[in-house]
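**Student:** Dropping in target38.txt, which is compact mmCIF, N, CA, C and O atoms:
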# COMPACT_ATOMS: atom_id res chain seq x y z
N MET A 5 -13.40 -2.39 2.90
CA MET A 5 -12.50 -2.99 1.95
C MET A 5 -11.48 -3.81 2.72
O MET A 5 -11.09 -3.45 3.82
N ILE A 6 -11.08 -4.93 2.13
CA ILE A 6 -10.05 -5.77 2.75
C ILE A 6 -8.74 -5.55 2.02
O ILE A 6 -8.67 -5.62 0.80
N VAL A 7 -7.71 -5.24 2.80
CA VAL A 7 -6.39 -4.93 2.27
C VAL A 7 -5.39 -5.96 2.80
O VAL A 7 -5.40 -6.26 3.99
N ARG A 8 -4.57 -6.48 1.91
CA ARG A 8 -3.51 -7.40 2.31
C ARG A 8 -2.17 -6.67 2.17
O ARG A 8 -1.89 -6.09 1.13
N ILE A 9 -1.38 -6.72 3.23
CA ILE A 9 0.02 -6.27 3.15
C ILE A 9 0.83 -7.56 3.02
O ILE A 9 0.78 -8.42 3.90
N MET A 10 1.52 -7.69 1.92
CA MET A 10 2.25 -8.92 1.65
C MET A 10 3.21 -9.22 2.80
O MET A 10 3.92 -8.34 3.27
N GLY A 11 3.16 -10.46 3.26
CA GLY A 11 4.03 -10.89 4.34
C GLY A 11 3.54 -10.55 5.74
O GLY A 11 4.16 -10.93 6.72
N GLU A 12 2.41 -9.83 5.84
CA GLU A 12 1.90 -9.43 7.15
C GLU A 12 0.51 -9.94 7.45
O GLU A 12 0.22 -10.28 8.59
N GLY A 13 -0.38 -9.89 6.50
CA GLY A 13 -1.75 -10.30 6.74
C GLY A 13 -2.74 -9.31 6.17
O GLY A 13 -2.39 -8.44 5.37
N GLN A 14 -3.98 -9.44 6.62
CA GLN A 14 -5.07 -8.64 6.09
C GLN A 14 -5.65 -7.71 7.15
O GLN A 14 -5.64 -8.05 8.34
N VAL A 15 -6.17 -6.58 6.69
CA VAL A 15 -6.91 -5.66 7.55
C VAL A 15 -8.17 -5.23 6.82
O VAL A 15 -8.22 -5.23 5.60
N THR A 16 -9.20 -4.90 7.60
CA THR A 16 -10.38 -4.26 7.00
C THR A 16 -10.18 -2.76 7.14
O THR A 16 -9.69 -2.27 8.17
N LEU A 17 -10.53 -2.06 6.10
CA LEU A 17 -10.30 -0.62 6.05
C LEU A 17 -11.56 0.04 5.51
O LEU A 17 -12.08 -0.38 4.46
N ASP A 18 -12.05 1.04 6.21
CA ASP A 18 -13.23 1.76 5.76
C ASP A 18 -12.92 2.49 4.46
O ASP A 18 -11.85 3.08 4.30
N ASP A 19 -13.86 2.45 3.52
CA ASP A 19 -13.67 3.11 2.22
C ASP A 19 -13.41 4.61 2.35
O ASP A 19 -12.83 5.21 1.45
N SER A 20 -13.82 5.20 3.46
CA SER A 20 -13.63 6.65 3.63
C SER A 20 -12.14 7.03 3.71
O SER A 20 -11.80 8.20 3.55
N HIS A 21 -11.27 6.06 3.93
CA HIS A 21 -9.84 6.35 4.03
C HIS A 21 -9.11 6.30 2.70
O HIS A 21 -7.92 6.64 2.63
N VAL A 22 -9.81 5.92 1.63
CA VAL A 22 -9.16 5.77 0.33
C VAL A 22 -8.57 7.09 -0.15
O VAL A 22 -7.47 7.11 -0.71
N VAL A 23 -9.24 8.21 0.08
CA VAL A 23 -8.74 9.51 -0.38
C VAL A 23 -7.38 9.80 0.27
O VAL A 23 -6.43 10.21 -0.42
N GLU A 24 -7.28 9.59 1.56
CA GLU A 24 -6.02 9.82 2.28
C GLU A 24 -4.91 8.91 1.73
O GLU A 24 -3.78 9.36 1.52
N LEU A 25 -5.24 7.67 1.51
CA LEU A 25 -4.24 6.72 1.01
C LEU A 25 -3.85 7.02 -0.44
O LEU A 25 -2.71 6.80 -0.83
N ASN A 26 -4.80 7.54 -1.22
CA ASN A 26 -4.49 7.90 -2.60
C ASN A 26 -3.42 8.98 -2.69
O ASN A 26 -2.61 8.99 -3.62
N LYS A 27 -3.40 9.90 -1.73
CA LYS A 27 -2.37 10.95 -1.72
C LYS A 27 -0.99 10.33 -1.59
O LYS A 27 -0.05 10.70 -2.30
N LEU A 28 -0.86 9.37 -0.68
CA LEU A 28 0.43 8.69 -0.51
C LEU A 28 0.76 7.85 -1.74
O LEU A 28 1.92 7.78 -2.16
N ASP A 29 -0.24 7.23 -2.33
CA ASP A 29 -0.04 6.44 -3.54
C ASP A 29 0.47 7.32 -4.68
O ASP A 29 1.40 6.94 -5.41
N ASP A 30 -0.09 8.52 -4.82
CA ASP A 30 0.37 9.45 -5.85
C ASP A 30 1.83 9.84 -5.63
O ASP A 30 2.61 9.91 -6.58
N GLU A 31 2.18 10.11 -4.38
CA GLU A 31 3.58 10.43 -4.05
C GLU A 31 4.50 9.27 -4.40
O GLU A 31 5.57 9.46 -4.96
N LEU A 32 4.06 8.06 -4.06
CA LEU A 32 4.85 6.87 -4.34
C LEU A 32 5.08 6.71 -5.83
O LEU A 32 6.20 6.42 -6.27
N LEU A 33 4.05 6.94 -6.63
CA LEU A 33 4.19 6.86 -8.09
C LEU A 33 5.21 7.86 -8.61
O LEU A 33 6.05 7.53 -9.45
N GLU A 34 5.13 9.09 -8.13
CA GLU A 34 6.08 10.13 -8.55
C GLU A 34 7.51 9.73 -8.21
O GLU A 34 8.43 9.90 -9.02
N GLU A 35 7.71 9.22 -7.01
CA GLU A 35 9.05 8.83 -6.58
C GLU A 35 9.57 7.64 -7.38
O GLU A 35 10.75 7.57 -7.71
N MET A 36 8.68 6.75 -7.73
CA MET A 36 9.09 5.62 -8.55
C MET A 36 9.48 6.07 -9.95
O MET A 36 10.47 5.62 -10.50
N GLU A 37 8.67 6.96 -10.52
CA GLU A 37 8.95 7.45 -11.86
C GLU A 37 10.27 8.21 -11.92
O GLU A 37 10.99 8.14 -12.91
N SER A 38 10.60 8.92 -10.86
CA SER A 38 11.84 9.70 -10.85
C SER A 38 13.03 8.88 -10.34
O SER A 38 14.16 9.34 -10.38
N GLY A 39 12.76 7.66 -9.85
CA GLY A 39 13.84 6.82 -9.33
C GLY A 39 14.34 7.26 -7.96
O GLY A 39 15.45 6.93 -7.56
N ASP A 40 13.52 7.99 -7.22
CA ASP A 40 13.88 8.50 -5.90
C ASP A 40 13.75 7.38 -4.86
O ASP A 40 12.70 7.20 -4.25
N GLU A 41 14.80 6.60 -4.70
CA GLU A 41 14.79 5.44 -3.81
C GLU A 41 14.49 5.84 -2.36
O GLU A 41 13.69 5.20 -1.67
N GLU A 42 15.11 6.92 -1.89
CA GLU A 42 14.90 7.37 -0.51
C GLU A 42 13.45 7.79 -0.28
O GLU A 42 12.82 7.43 0.70
N GLY A 43 12.91 8.57 -1.21
CA GLY A 43 11.52 9.00 -1.11
C GLY A 43 10.57 7.83 -1.21
O GLY A 43 9.56 7.76 -0.49
N PHE A 44 10.88 6.89 -2.09
CA PHE A 44 10.09 5.68 -2.25
C PHE A 44 10.00 4.91 -0.93
O PHE A 44 8.93 4.53 -0.49
N ARG A 45 11.14 4.70 -0.28
CA ARG A 45 11.17 3.96 1.00
C ARG A 45 10.33 4.68 2.05
O ARG A 45 9.55 4.07 2.77
N ARG A 46 10.50 6.00 2.14
CA ARG A 46 9.78 6.80 3.13
C ARG A 46 8.26 6.74 2.87
O ARG A 46 7.47 6.52 3.79
N THR A 47 7.86 6.93 1.62
CA THR A 47 6.43 6.98 1.31
C THR A 47 5.79 5.60 1.40
O THR A 47 4.65 5.48 1.88
N LEU A 48 6.49 4.55 0.98
CA LEU A 48 5.95 3.21 1.14
C LEU A 48 5.73 2.92 2.62
O LEU A 48 4.67 2.41 3.02
N GLY A 49 6.68 3.28 3.46
CA GLY A 49 6.52 3.10 4.91
C GLY A 49 5.33 3.87 5.45
O GLY A 49 4.55 3.34 6.25
N ALA A 50 5.15 5.10 4.97
CA ALA A 50 4.02 5.92 5.43
C ALA A 50 2.69 5.32 4.97
O ALA A 50 1.70 5.30 5.73
N LEU A 51 2.65 4.80 3.75
CA LEU A 51 1.43 4.18 3.24
C LEU A 51 1.06 2.94 4.06
O LEU A 51 -0.08 2.79 4.50
N LEU A 52 2.04 2.09 4.29
CA LEU A 52 1.78 0.88 5.08
C LEU A 52 1.41 1.22 6.52
O LEU A 52 0.49 0.62 7.09
N ASP A 53 2.10 2.20 7.11
CA ASP A 53 1.77 2.62 8.47
C ASP A 53 0.33 3.15 8.55
O ASP A 53 -0.38 2.87 9.52
N SER A 54 -0.09 3.89 7.53
CA SER A 54 -1.45 4.42 7.52
C SER A 54 -2.48 3.30 7.45
O SER A 54 -3.50 3.33 8.15
N VAL A 55 -2.22 2.30 6.62
CA VAL A 55 -3.15 1.17 6.52
C VAL A 55 -3.22 0.44 7.85
O VAL A 55 -4.31 0.10 8.32
N ARG A 56 -2.08 0.23 8.48
CA ARG A 56 -2.07 -0.45 9.78
C ARG A 56 -2.82 0.37 10.84
O ARG A 56 -3.55 -0.17 11.67
N ARG A 57 -2.61 1.69 10.82
CA ARG A 57 -3.21 2.57 11.82
C ARG A 57 -4.72 2.71 11.62
O ARG A 57 -5.50 2.69 12.57
N LEU A 58 -5.16 2.82 10.37
CA LEU A 58 -6.56 3.06 10.07
C LEU A 58 -7.38 1.78 9.97
O LEU A 58 -8.60 1.81 10.10
N GLY A 59 -6.71 0.66 9.74
CA GLY A 59 -7.41 -0.60 9.53
C GLY A 59 -7.54 -1.42 10.80
O GLY A 59 -6.91 -1.14 11.82
N THR A 60 -8.36 -2.44 10.71
CA THR A 60 -8.56 -3.40 11.80
C THR A 60 -8.05 -4.76 11.32
O THR A 60 -8.57 -5.28 10.32
N PRO A 61 -7.05 -5.31 12.00
CA PRO A 61 -6.49 -6.59 11.55
C PRO A 61 -7.53 -7.72 11.58
O PRO A 61 -8.33 -7.80 12.51
N LEU A 62 -7.50 -8.54 10.56
CA LEU A 62 -8.31 -9.76 10.55
C LEU A 62 -7.53 -10.84 11.29
O LEU A 62 -6.30 -10.79 11.35
N PRO A 63 -8.22 -11.81 11.86
CA PRO A 63 -7.52 -12.90 12.54
C PRO A 63 -6.55 -13.60 11.56
O PRO A 63 -6.81 -13.66 10.36
N ASP A 64 -5.46 -14.11 12.09
CA ASP A 64 -4.45 -14.76 11.27
C ASP A 64 -5.01 -15.92 10.46
O ASP A 64 -4.53 -16.21 9.36
N ASP A 65 -6.03 -16.61 11.00
CA ASP A 65 -6.58 -17.76 10.28
C ASP A 65 -7.67 -17.37 9.27
O ASP A 65 -8.19 -18.22 8.56
N ALA A 66 -8.00 -16.08 9.18
CA ALA A 66 -8.99 -15.61 8.21
C ALA A 66 -8.34 -15.53 6.83
O ALA A 66 -7.20 -15.11 6.70
N LEU A 67 -9.08 -15.95 5.82
CA LEU A 67 -8.59 -15.86 4.46
C LEU A 67 -9.72 -15.32 3.59
O LEU A 67 -10.54 -16.07 3.07
N GLU A 68 -9.78 -14.01 3.51
CA GLU A 68 -10.82 -13.32 2.75
C GLU A 68 -10.20 -12.80 1.44
O GLU A 68 -9.01 -12.50 1.39
N PRO A 69 -11.02 -12.68 0.40
CA PRO A 69 -10.49 -12.08 -0.84
C PRO A 69 -10.09 -10.63 -0.57
O PRO A 69 -10.85 -9.86 0.02
N SER A 70 -8.88 -10.27 -0.96
CA SER A 70 -8.38 -8.91 -0.75
C SER A 70 -8.73 -8.04 -1.95
O SER A 70 -8.50 -8.44 -3.09
N GLU A 71 -9.28 -6.87 -1.67
CA GLU A 71 -9.59 -5.93 -2.74
C GLU A 71 -8.36 -5.13 -3.14
O GLU A 71 -8.32 -4.55 -4.22
N LEU A 72 -7.37 -5.12 -2.27
CA LEU A 72 -6.16 -4.36 -2.50
C LEU A 72 -5.00 -5.12 -1.90
O LEU A 72 -5.10 -5.62 -0.78
N ILE A 73 -3.92 -5.25 -2.65
CA ILE A 73 -2.72 -5.92 -2.15
C ILE A 73 -1.57 -4.93 -2.21
O ILE A 73 -1.26 -4.38 -3.27
N LEU A 74 -0.96 -4.70 -1.05
CA LEU A 74 0.16 -3.77 -0.94
C LEU A 74 1.46 -4.55 -0.76
O LEU A 74 1.46 -5.63 -0.17
N PRO A 75 2.56 -3.98 -1.23
CA PRO A 75 3.84 -4.67 -1.10
C PRO A 75 4.31 -4.75 0.34
O PRO A 75 3.88 -3.98 1.20
N ALA A 76 5.22 -5.68 0.59
CA ALA A 76 5.85 -5.81 1.91
C ALA A 76 6.71 -4.58 2.17
O ALA A 76 7.17 -3.91 1.23
N PRO A 77 6.96 -4.27 3.43
CA PRO A 77 7.75 -3.08 3.76
C PRO A 77 9.16 -3.10 3.17
O PRO A 77 9.72 -2.05 2.89
N ASP A 78 9.70 -4.29 2.93
CA ASP A 78 11.06 -4.36 2.39
C ASP A 78 11.09 -4.56 0.87
O ASP A 78 12.14 -4.85 0.30
N ALA A 79 9.95 -4.38 0.21
CA ALA A 79 9.89 -4.52 -1.24
C ALA A 79 10.78 -3.48 -1.91
O ALA A 79 10.89 -2.34 -1.44
N THR A 80 11.40 -3.87 -2.99
CA THR A 80 12.26 -2.94 -3.72
C THR A 80 11.43 -2.08 -4.66
O THR A 80 10.28 -2.42 -4.99
N LEU A 81 12.02 -1.00 -5.09
CA LEU A 81 11.36 -0.12 -6.04
C LEU A 81 10.97 -0.92 -7.28
O LEU A 81 9.87 -0.78 -7.80
N GLU A 82 11.84 -1.77 -7.77
CA GLU A 82 11.57 -2.57 -8.97
C GLU A 82 10.43 -3.56 -8.74
O GLU A 82 9.58 -3.75 -9.60
N GLU A 83 10.38 -4.19 -7.58
CA GLU A 83 9.29 -5.12 -7.27
C GLU A 83 7.94 -4.41 -7.26
O GLU A 83 6.94 -4.94 -7.76
N VAL A 84 7.92 -3.21 -6.71
CA VAL A 84 6.67 -2.46 -6.66
C VAL A 84 6.28 -1.99 -8.05
O VAL A 84 5.10 -2.00 -8.41
N ARG A 85 7.24 -1.62 -8.87
CA ARG A 85 6.94 -1.25 -10.26
C ARG A 85 6.19 -2.38 -10.96
O ARG A 85 5.27 -2.14 -11.74
N GLU A 86 6.62 -3.61 -10.70
CA GLU A 86 5.97 -4.76 -11.32
C GLU A 86 4.54 -4.96 -10.82
O GLU A 86 3.71 -5.49 -11.55
N MET A 87 4.25 -4.54 -9.60
CA MET A 87 2.91 -4.68 -9.03
C MET A 87 1.93 -3.65 -9.57
O MET A 87 0.71 -3.86 -9.55
N LEU A 88 2.45 -2.52 -10.01
CA LEU A 88 1.59 -1.39 -10.35
C LEU A 88 0.86 -1.55 -11.67
O LEU A 88 1.39 -2.08 -12.63
N SER A 89 -0.34 -1.03 -11.68
CA SER A 89 -1.04 -0.80 -12.93
C SER A 89 -0.93 0.70 -13.18
O SER A 89 -0.28 1.42 -12.44
N ASP A 90 -1.55 1.19 -14.21
CA ASP A 90 -1.50 2.62 -14.51
C ASP A 90 -2.14 3.48 -13.42
O ASP A 90 -1.88 4.66 -13.33
N ASP A 91 -2.96 2.86 -12.58
CA ASP A 91 -3.69 3.61 -11.57
C ASP A 91 -2.99 3.63 -10.21
O ASP A 91 -3.50 4.20 -9.25
N GLY A 92 -1.84 2.99 -10.08
CA GLY A 92 -1.16 2.95 -8.80
C GLY A 92 -1.63 1.78 -7.96
O GLY A 92 -2.29 0.87 -8.43
N LEU A 93 -1.26 1.81 -6.70
CA LEU A 93 -1.61 0.72 -5.80
C LEU A 93 -3.04 0.83 -5.28
O LEU A 93 -3.69 -0.17 -5.04
N ILE A 94 -3.50 2.05 -5.07
CA ILE A 94 -4.83 2.29 -4.49
C ILE A 94 -5.79 2.60 -5.63
O ILE A 94 -5.62 3.60 -6.33
N PRO A 95 -6.82 1.79 -5.84
CA PRO A 95 -7.79 2.11 -6.89
C PRO A 95 -8.55 3.39 -6.56
O PRO A 95 -8.93 3.61 -5.43
N GLY A 96 -8.70 4.24 -7.55
CA GLY A 96 -9.36 5.53 -7.34
C GLY A 96 -10.77 5.41 -7.45
O GLY A 96 -11.77 5.63 -7.42
Now that the file is in, can you turn its structure into structure tokens?

**Tutor:**
Amino acid sequence: MIVRIMGEGQVTLDDSHVVELNKLDDELLEEMESGDEEGFRRTLGALLDSVRRLGTPLPDDALEPSELILPAPDATLEEVREMLSDDGLIPG
């Protein structure tokens, strides 16, 4: 799967990592629903760090269709709320 982190670029990520990322996505949803800004910041950072750690960066000049688009690390809780569908950031 190809994942884009807004403002950073794209990485390829093996589908086997989706379960791990879904756990962080679920936490992020809970923190957003409760308005837990501190938890939101921490979990968004952990989610992005996991994608960076588990994925392989594509070259900067590559432009592939992204199956998943994640917010930038400095995205606000409100900006991420606008990005979400009912299923969260990571498709199940």

**Student:** DSSP on the backbone, strand (DSSP E) only: what residues of chain A does that give? Format it as a PyMOL selection string.

**Tutor:** chain A and resi 6-9+13-16+60-61+72-74

**Student:** Which residue is closest to His21 of chain A? Choose from A:Met36, A:Pro77, A:Ser54, A:Arg8 and count only N, CA, C and O atoms.

**Tutor:**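 Between A:Met36, A:Pro77, A:Ser54, A:Arg8, the residue approaching His21 of chain A most closely is A:Ser54.
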
**Student:** Smallest atom-to-atom distance to Thr16 of chain A: which of A:Glu71, A:Glu83, A:Asp29, A:Asp53, using only C-alpha atoms?

**Tutor:**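 Comparing A:Glu71, A:Glu83, A:Asp29, A:Asp53 against Thr16 of chain A, the winner is A:Glu71.
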
**Student:** Box for segment 60-74 of chain A: with edges along x, y and z, all listed atoms inside and 8 Å added on each side, what are the centre and edge lengths in Å to one decimal, as lines of an AutoDock Vina configuration file?

**Tutor:**
center_x = -4.8
center_y = -10.3
center_z = 4.2
size_x = 28.5
size_y = 31.8
size_z = 32.8

**Student:** Can you list, as a CSV table (one decimal) with N, CA, C and O atoms, in the coordinates of the input, all residues belonging to chain A that DSSP tags as helix (DSSP H, G or I)?

**Tutor:**
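The new file result.csv reads:
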chain,number,residue,atom,x,y,z
A,19,ASP,N,-13.9,2.4,3.5
A,19,ASP,CA,-13.7,3.1,2.2
A,19,ASP,C,-13.4,4.6,2.4
A,19,ASP,O,-12.8,5.2,1.4
A,20,SER,N,-13.8,5.2,3.5
A,20,SER,CA,-13.6,6.6,3.6
A,20,SER,C,-12.1,7.0,3.7
A,20,SER,O,-11.8,8.2,3.6
A,21,HIS,N,-11.3,6.1,3.9
A,21,HIS,CA,-9.8,6.4,4.0
A,21,HIS,C,-9.1,6.3,2.7
A,21,HIS,O,-7.9,6.6,2.6
A,22,VAL,N,-9.8,5.9,1.6
A,22,VAL,CA,-9.2,5.8,0.3
A,22,VAL,C,-8.6,7.1,-0.2
A,22,VAL,O,-7.5,7.1,-0.7
A,23,VAL,N,-9.2,8.2,0.1
A,23,VAL,CA,-8.7,9.5,-0.4
A,23,VAL,C,-7.4,9.8,0.3
A,23,VAL,O,-6.4,10.2,-0.4
A,24,GLU,N,-7.3,9.6,1.6
A,24,GLU,CA,-6.0,9.8,2.3
A,24,GLU,C,-4.9,8.9,1.7
A,24,GLU,O,-3.8,9.4,1.5
A,25,LEU,N,-5.2,7.7,1.5
A,25,LEU,CA,-4.2,6.7,1.0
A,25,LEU,C,-3.8,7.0,-0.4
A,25,LEU,O,-2.7,6.8,-0.8
A,26,ASN,N,-4.8,7.5,-1.2
A,26,ASN,CA,-4.5,7.9,-2.6
A,26,ASN,C,-3.4,9.0,-2.7
A,26,ASN,O,-2.6,9.0,-3.6
A,27,LYS,N,-3.4,9.9,-1.7
A,27,LYS,CA,-2.4,11.0,-1.7
A,27,LYS,C,-1.0,10.3,-1.6
A,27,LYS,O,0.0,10.7,-2.3
A,28,LEU,N,-0.9,9.4,-0.7
A,28,LEU,CA,0.4,8.7,-0.5
A,28,LEU,C,0.8,7.8,-1.7
A,28,LEU,O,1.9,7.8,-2.2
A,29,ASP,N,-0.2,7.2,-2.3
A,29,ASP,CA,0.0,6.4,-3.5
A,29,ASP,C,0.5,7.3,-4.7
A,29,ASP,O,1.4,6.9,-5.4
A,30,ASP,N,-0.1,8.5,-4.8
A,30,ASP,CA,0.4,9.4,-5.8
A,30,ASP,C,1.8,9.8,-5.6
A,30,ASP,O,2.6,9.9,-6.6
A,31,GLU,N,2.2,10.1,-4.4
A,31,GLU,CA,3.6,10.4,-4.0
A,31,GLU,C,4.5,9.3,-4.4
A,31,GLU,O,5.6,9.5,-5.0
A,32,LEU,N,4.1,8.1,-4.1
A,32,LEU,CA,4.8,6.9,-4.3
A,32,LEU,C,5.1,6.7,-5.8
A,32,LEU,O,6.2,6.4,-6.3
A,33,LEU,N,4.0,6.9,-6.6
A,33,LEU,CA,4.2,6.9,-8.1
A,33,LEU,C,5.2,7.9,-8.6
A,33,LEU,O,6.0,7.5,-9.4
A,34,GLU,N,5.1,9.1,-8.1
A,34,GLU,CA,6.1,10.1,-8.6
A,34,GLU,C,7.5,9.7,-8.2
A,34,GLU,O,8.4,9.9,-9.0
A,35,GLU,N,7.7,9.2,-7.0
A,35,GLU,CA,9.0,8.8,-6.6
A,35,GLU,C,9.6,7.6,-7.4
A,35,GLU,O,10.8,7.6,-7.7
A,36,MET,N,8.7,6.8,-7.7
A,36,MET,CA,9.1,5.6,-8.6
A,36,MET,C,9.5,6.1,-10.0
A,36,MET,O,10.5,5.6,-10.5
A,37,GLU,N,8.7,7.0,-10.5
A,37,GLU,CA,9.0,7.4,-11.9
A,37,GLU,C,10.3,8.2,-11.9
A,37,GLU,O,11.0,8.1,-12.9
A,38,SER,N,10.6,8.9,-10.9
A,38,SER,CA,11.8,9.7,-10.8
A,38,SER,C,13.0,8.9,-10.3
A,38,SER,O,14.2,9.3,-10.4
A,41,GLU,N,14.8,6.6,-4.7
A,41,GLU,CA,14.8,5.4,-3.8
A,41,GLU,C,14.5,5.8,-2.4
A,41,GLU,O,13.7,5.2,-1.7
A,42,GLU,N,15.1,6.9,-1.9
A,42,GLU,CA,14.9,7.4,-0.5
A,42,GLU,C,13.4,7.8,-0.3
A,42,GLU,O,12.8,7.4,0.7
A,43,GLY,N,12.9,8.6,-1.2
A,43,GLY,CA,11.5,9.0,-1.1
A,43,GLY,C,10.6,7.8,-1.2
A,43,GLY,O,9.6,7.8,-0.5
A,44,PHE,N,10.9,6.9,-2.1
A,44,PHE,CA,10.1,5.7,-2.2
A,44,PHE,C,10.0,4.9,-0.9
A,44,PHE,O,8.9,4.5,-0.5
A,45,ARG,N,11.1,4.7,-0.3
A,45,ARG,CA,11.2,4.0,1.0
A,45,ARG,C,10.3,4.7,2.0
A,45,ARG,O,9.6,4.1,2.8
A,46,ARG,N,10.5,6.0,2.1
A,46,ARG,CA,9.8,6.8,3.1
A,46,ARG,C,8.3,6.7,2.9
A,46,ARG,O,7.5,6.5,3.8
A,47,THR,N,7.9,6.9,1.6
A,47,THR,CA,6.4,7.0,1.3
A,47,THR,C,5.8,5.6,1.4
A,47,THR,O,4.6,5.5,1.9
A,48,LEU,N,6.5,4.6,1.0
A,48,LEU,CA,6.0,3.2,1.1
A,48,LEU,C,5.7,2.9,2.6
A,48,LEU,O,4.7,2.4,3.0
A,49,GLY,N,6.7,3.3,3.5
A,49,GLY,CA,6.5,3.1,4.9
A,49,GLY,C,5.3,3.9,5.4
A,49,GLY,O,4.6,3.3,6.2
A,50,ALA,N,5.2,5.1,5.0
A,50,ALA,CA,4.0,5.9,5.4
A,50,ALA,C,2.7,5.3,5.0
A,50,ALA,O,1.7,5.3,5.7
A,51,LEU,N,2.6,4.8,3.8
A,51,LEU,CA,1.4,4.2,3.2
A,51,LEU,C,1.1,2.9,4.1
A,51,LEU,O,-0.1,2.8,4.5
A,52,LEU,N,2.0,2.1,4.3
A,52,LEU,CA,1.8,0.9,5.1
A,52,LEU,C,1.4,1.2,6.5
A,52,LEU,O,0.5,0.6,7.1
A,53,ASP,N,2.1,2.2,7.1
A,53,ASP,CA,1.8,2.6,8.5
A,53,ASP,C,0.3,3.2,8.6
A,53,ASP,O,-0.4,2.9,9.5
A,54,SER,N,-0.1,3.9,7.5
A,54,SER,CA,-1.4,4.4,7.5
A,54,SER,C,-2.5,3.3,7.4
A,54,SER,O,-3.5,3.3,8.2
A,55,VAL,N,-2.2,2.3,6.6
A,55,VAL,CA,-3.2,1.2,6.5
A,55,VAL,C,-3.2,0.4,7.8
A,55,VAL,O,-4.3,0.1,8.3
A,56,ARG,N,-2.1,0.2,8.5
A,56,ARG,CA,-2.1,-0.4,9.8
A,56,ARG,C,-2.8,0.4,10.8
A,56,ARG,O,-3.6,-0.2,11.7
A,57,ARG,N,-2.6,1.7,10.8
A,57,ARG,CA,-3.2,2.6,11.8
A,57,ARG,C,-4.7,2.7,11.6
A,57,ARG,O,-5.5,2.7,12.6
A,58,LEU,N,-5.2,2.8,10.4
A,58,LEU,CA,-6.6,3.1,10.1
A,58,LEU,C,-7.4,1.8,10.0
A,58,LEU,O,-8.6,1.8,10.1
A,81,LEU,N,12.0,-1.0,-5.1
A,81,LEU,CA,11.4,-0.1,-6.0
A,81,LEU,C,11.0,-0.9,-7.3
A,81,LEU,O,9.9,-0.8,-7.8
A,82,GLU,N,11.8,-1.8,-7.8
A,82,GLU,CA,11.6,-2.6,-9.0
A,82,GLU,C,10.4,-3.6,-8.7
A,82,GLU,O,9.6,-3.8,-9.6
A,83,GLU,N,10.4,-4.2,-7.6
A,83,GLU,CA,9.3,-5.1,-7.3
A,83,GLU,C,7.9,-4.4,-7.3
A,83,GLU,O,6.9,-4.9,-7.8
A,84,VAL,N,7.9,-3.2,-6.7
A,84,VAL,CA,6.7,-2.5,-6.7
A,84,VAL,C,6.3,-2.0,-8.0
A,84,VAL,O,5.1,-2.0,-8.4
A,85,ARG,N,7.2,-1.6,-8.9
A,85,ARG,CA,6.9,-1.2,-10.3
A,85,ARG,C,6.2,-2.4,-11.0
A,85,ARG,O,5.3,-2.1,-11.7
A,86,GLU,N,6.6,-3.6,-10.7
A,86,GLU,CA,6.0,-4.8,-11.3
A,86,GLU,C,4.5,-5.0,-10.8
A,86,GLU,O,3.7,-5.5,-11.6
A,87,MET,N,4.2,-4.5,-9.6
A,87,MET,CA,2.9,-4.7,-9.0
A,87,MET,C,1.9,-3.6,-9.6
A,87,MET,O,0.7,-3.9,-9.6

**Student:** As an exercise, work out the distance from atom CA of Thr80 of chain A to atom CA of Glu31 of chain A in Å and give it to one decimal place.

**Tutor:** 15.9 Å

**Student:** Need to verify the contact set: Leu62 of chain A, 9 Å, only C-alpha atoms, exclusion of same-chain residues closer than 2 positions in sequence. Can you return it as a PyMOL selection string?

**Tutor:** chain A and resi 6+13-16+60+64-68

**Student:** For atom N of Met5 of chain A and atom O of Glu34 of chain A, quote the distance in Å rounded to one decimal.

**Tutor:**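 Those two atoms sit 27.7 Å apart.
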
**Student:** Mind checking which residues fall within 7 Å of segment 49-51 of chain A, counting only N, CA, C and O atoms, ignoring those fewer than 4 positions away in the same chain, and posting them as a list in words?

**Tutor:**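 Skipping anything fewer than 4 positions along the chain leaves Leu25, Leu28, Asp29, Gly43, Phe44, Arg45, Val55, Arg56, Arg57 and Pro77 of chain A.
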
**Student:** Measure the distance from atom CA of Ser38 of chain A to atom CA of Ser70 of chain A in Å and round it to one decimal.

**Tutor:** 29.3 Å

**Student:** Quick one: of A:Glu37, A:Met10, A:Pro61, A:Val22, who's nearest to Asp78 of chain A, counting all atoms listed in the file?

**Tutor:** A:Met10

**Student:** Give the answer as one residue: which of A:Leu32, A:Leu17, A:Leu58, A:Leu52 has the shortest atom-to-atom distance to Ala76 of chain A, using all atoms listed in the file?

**Tutor:** A:Leu52

**Student:** Out of A:Asp40, A:Glu86, A:Ile9, A:Asp19, which residue has the shortest atom-to-atom distance to Ile73 of chain A when counting only N, CA, C and O atoms?

**Tutor:**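 Looking at the shortest contact to Ile73 of chain A, the residue is A:Ile9.
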